[in-house]
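See structure below.
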Amino acid sequence: MVKEIPIGRLLRFITFFPTISSGPIDRYRRFEKDLSAVPSAADYRGMLYKGLNKIFLGFLYKFIIGYLIHKYWMQSPALQPNTVFSIWMYMYAYSMYLFFDFAGYSNFAIGVSYLLGIKTPENFNKPFLSRNIKDFWNRWHMTLSFWFRDYIYMRFVFTAIKNKWMKDRYLISYIGLFLNFMVMGFWHGFFIIYIIYGLYHAIMFVSFDIFERINKKCKFWPKNSLTHAFSVVLTFHVICFSFLIFSGRLNFLL
């Protein structure tokens with residue numbers, strides 16, 4: 001437990017410039033540990049090497065791949081009319097752009113942090129290879145996902161169980177998930193598309209949990225390379241559709 005936080009160190013944590021804009025979201029205790037430790041020359045050479053690699057990777061992701069996707073795929077005249085095909089292709093384009101743009105920024109932030117002696121945590125881990133929605137949120141914008149898990153979902157579940165609000169632990173968990181993703185939707189902005197985006201993820205998360213519990217009893221979905229590949233493809237499309245909602249391209253339907 002953190003008993004005392006010196007105001008100067010707290011301000012350094014809050015105003016740490018590589019991550020102040022869009023993350024990754026660090027934790028004070030982890031940040032303080034890096035801030036207090038002076039790396040050896042050998043350790044800093046390793047951090048310098050990793051930091052520079054992250055910066056170059058960020059440049060590749062954001063300013064080359066992301067730029068090309070945005071200019072030549074998303075802005076293609078073929079994707080401008082609101083047809084089923086154009087919206088479908090735009091869904092893929094926007095999903096790829098969102099990843100490379102945001103992962104590129106995160107790599108920049110992590111790289112600069114390493115140059116300053118701070119090991120800012122990773123934010124992405126091959127999210128489009130996720131096997132299911134749970135796996136996805138352990139890979140996508142991980143620092144934000146884990147923050148919401150710890151401070152929204154887990155706090156609600158703990159409080160509900162402690163105060164005996166409900167007997168059904170699954171119901172408590174599902175209400176916690178809806179609360180978690182609703183707050184995440186509002187966190188992006190007070191617009192209907194972000195609320196729908198949050199609700200969509202909550203529904204997918206709860207649906208998968210129910211599916212997983214039924215499968216443990218009935219064992220109708222075996223674990224093998226074929227089902228794994230199908231799960232990755234299915235999850236990819238579930239996620240891409242959520243990003244299509246997030247993009248606002250479907251506003252004309254509302």
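Ligands are numbered from 1 in the order shown, residues from 1 within each chain, and chains are lettered A, B, ... in the order they appear in the structure tokens.
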**Study point:** Close residues, Ser247 (chain A) itself excluded, 10 Å, only C-alpha atoms, min 5 positions apart in chain, as a PyMOL selection string
**Key:** chain A and resi 90-91+94-95+98+193-194+197+241-242
Check your understanding: Leaving out Ile192 (chain A) and any residue of its chain fewer than 3 positions from it, which residues lie within 12 Å of it when counting only C-alpha atoms, given as JSON, numbers by chain?
Key -> {"A": [182, 185, 186, 188, 189, 195, 196, 197, 198, 199, 245, 246, 247, 248, 250, 251, 254]}
Check your understanding: In Å to one decimal, how far is CA of Asn53 (chain A) from CA of Ile118 (chain A)?
Key ->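 Taking CA of Ile118 (chain A) and CA of Asn53 (chain A), their separation equals 15.2 Å.
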Practice item. Please provide as an MDAnalysis selection string all residues within 8 Å of Gly104 (chain A), with the sequence filter that same-chain residues fewer than 5 positions apart are discarded (counting only C-alpha atoms). Key: chainID A and resid 57:62 99
Residues from the last selection, C-alpha atoms, saved as an mmCIF file, in the first residue's frame:
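Final file, again.cif:
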```
data_model
loop_
_atom_site.group_PDB
_atom_site.id
_atom_site.type_symbol
_atom_site.label_atom_id
_atom_site.label_comp_id
_atom_site.auth_asym_id
_atom_site.auth_seq_id
_atom_site.Cartn_x
_atom_site.Cartn_y
_atom_site.Cartn_z
ATOM 1 C CA LEU A 57 9.094 1.023 -35.109
ATOM 2 C CA GLY A 58 6.693 3.777 -34.102
ATOM 3 C CA PHE A 59 7.784 5.831 -37.110
ATOM 4 C CA LEU A 60 7.198 2.832 -39.402
ATOM 5 C CA TYR A 61 3.777 2.095 -37.935
ATOM 6 C CA LYS A 62 2.376 5.626 -37.687
ATOM 7 C CA PHE A 99 -3.957 -0.176 -34.836
#
```
Distance table requested - region 73-189 of chain A against region 18-36 of chain A, cut-off 10 Å, only C-alpha atoms: one row per qualifying residue with the closest atom pair and its distance in Å to one decimal, ordered by chain and rising residue number, as JSON lines.
```
{"residue": "A:Phe102", "atom": "CA", "partner": "A:Ser22", "partner_atom": "CA", "distance": 8.9}
{"residue": "A:Ala103", "atom": "CA", "partner": "A:Pro24", "partner_atom": "CA", "distance": 9.9}
{"residue": "A:Tyr105", "atom": "CA", "partner": "A:Ser22", "partner_atom": "CA", "distance": 8.3}
{"residue": "A:Ser106", "atom": "CA", "partner": "A:Pro24", "partner_atom": "CA", "distance": 6.3}
{"residue": "A:Asn107", "atom": "CA", "partner": "A:Pro24", "partner_atom": "CA", "distance": 9.2}
{"residue": "A:Phe108", "atom": "CA", "partner": "A:Pro18", "partner_atom": "CA", "distance": 7.9}
{"residue": "A:Ala109", "atom": "CA", "partner": "A:Pro18", "partner_atom": "CA", "distance": 4.8}
{"residue": "A:Ile110", "atom": "CA", "partner": "A:Pro18", "partner_atom": "CA", "distance": 7.4}
{"residue": "A:Gly111", "atom": "CA", "partner": "A:Pro18", "partner_atom": "CA", "distance": 8.8}
{"residue": "A:Val112", "atom": "CA", "partner": "A:Pro18", "partner_atom": "CA", "distance": 6.4}
{"residue": "A:Ser113", "atom": "CA", "partner": "A:Pro18", "partner_atom": "CA", "distance": 6.3}
{"residue": "A:Tyr114", "atom": "CA", "partner": "A:Pro18", "partner_atom": "CA", "distance": 9.9}
{"residue": "A:Leu116", "atom": "CA", "partner": "A:Pro18", "partner_atom": "CA", "distance": 9.6}
{"residue": "A:Gly117", "atom": "CA", "partner": "A:Asp34", "partner_atom": "CA", "distance": 7.0}
{"residue": "A:Ile118", "atom": "CA", "partner": "A:Asp34", "partner_atom": "CA", "distance": 5.6}
{"residue": "A:Lys119", "atom": "CA", "partner": "A:Asp34", "partner_atom": "CA", "distance": 7.0}
{"residue": "A:Thr120", "atom": "CA", "partner": "A:Asp26", "partner_atom": "CA", "distance": 6.5}
{"residue": "A:Pro121", "atom": "CA", "partner": "A:Asp26", "partner_atom": "CA", "distance": 6.7}
{"residue": "A:Glu122", "atom": "CA", "partner": "A:Pro24", "partner_atom": "CA", "distance": 7.2}
{"residue": "A:Asn123", "atom": "CA", "partner": "A:Pro24", "partner_atom": "CA", "distance": 6.0}
{"residue": "A:Phe124", "atom": "CA", "partner": "A:Pro24", "partner_atom": "CA", "distance": 9.6}
{"residue": "A:His141", "atom": "CA", "partner": "A:Pro24", "partner_atom": "CA", "distance": 7.7}
{"residue": "A:Met142", "atom": "CA", "partner": "A:Pro24", "partner_atom": "CA", "distance": 8.2}
{"residue": "A:Thr143", "atom": "CA", "partner": "A:Ile25", "partner_atom": "CA", "distance": 5.2}
{"residue": "A:Leu144", "atom": "CA", "partner": "A:Ile25", "partner_atom": "CA", "distance": 6.2}
{"residue": "A:Ser145", "atom": "CA", "partner": "A:Ile25", "partner_atom": "CA", "distance": 9.6}
{"residue": "A:Phe146", "atom": "CA", "partner": "A:Ile25", "partner_atom": "CA", "distance": 9.3}
{"residue": "A:Trp147", "atom": "CA", "partner": "A:Ile25", "partner_atom": "CA", "distance": 7.9}
```
**Study point:** Closest of A:Phe190, A:Phe205, A:Tyr151, A:Phe56 to Ile175 (chain A) - atom-to-atom distances counting only C-alpha atoms
**Key:**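 Checking each candidate against Ile175 (chain A), we get A:Phe205 as the closest.
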Practice item. Report the residues of region 186-252 of chain A whose backbone DSSP state falls under alpha helix (DSSP H), written as a PyMOL selection string. Key: chain A and resi 186-188+192-218+225-247
Check your understanding: If we count only C-alpha atoms, what is near Tyr170 (chain A) at a cut-off of 12 Å, once residues fewer than 3 positions away on the same chain are taken out, given as a list in words?
Key ->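 Once the nearby chain positions are removed, what remains is Val157, Ala160, Ile161, Met166, Lys167, Ser173, Tyr174, Ile175, Gly176, Leu177, Val206, Asp209, Ile210 and Arg213 of chain A.
Taking CA of Phe156 (chain A) as the reference point, CA of Pro6 (chain A) is found at 29.1 Å.
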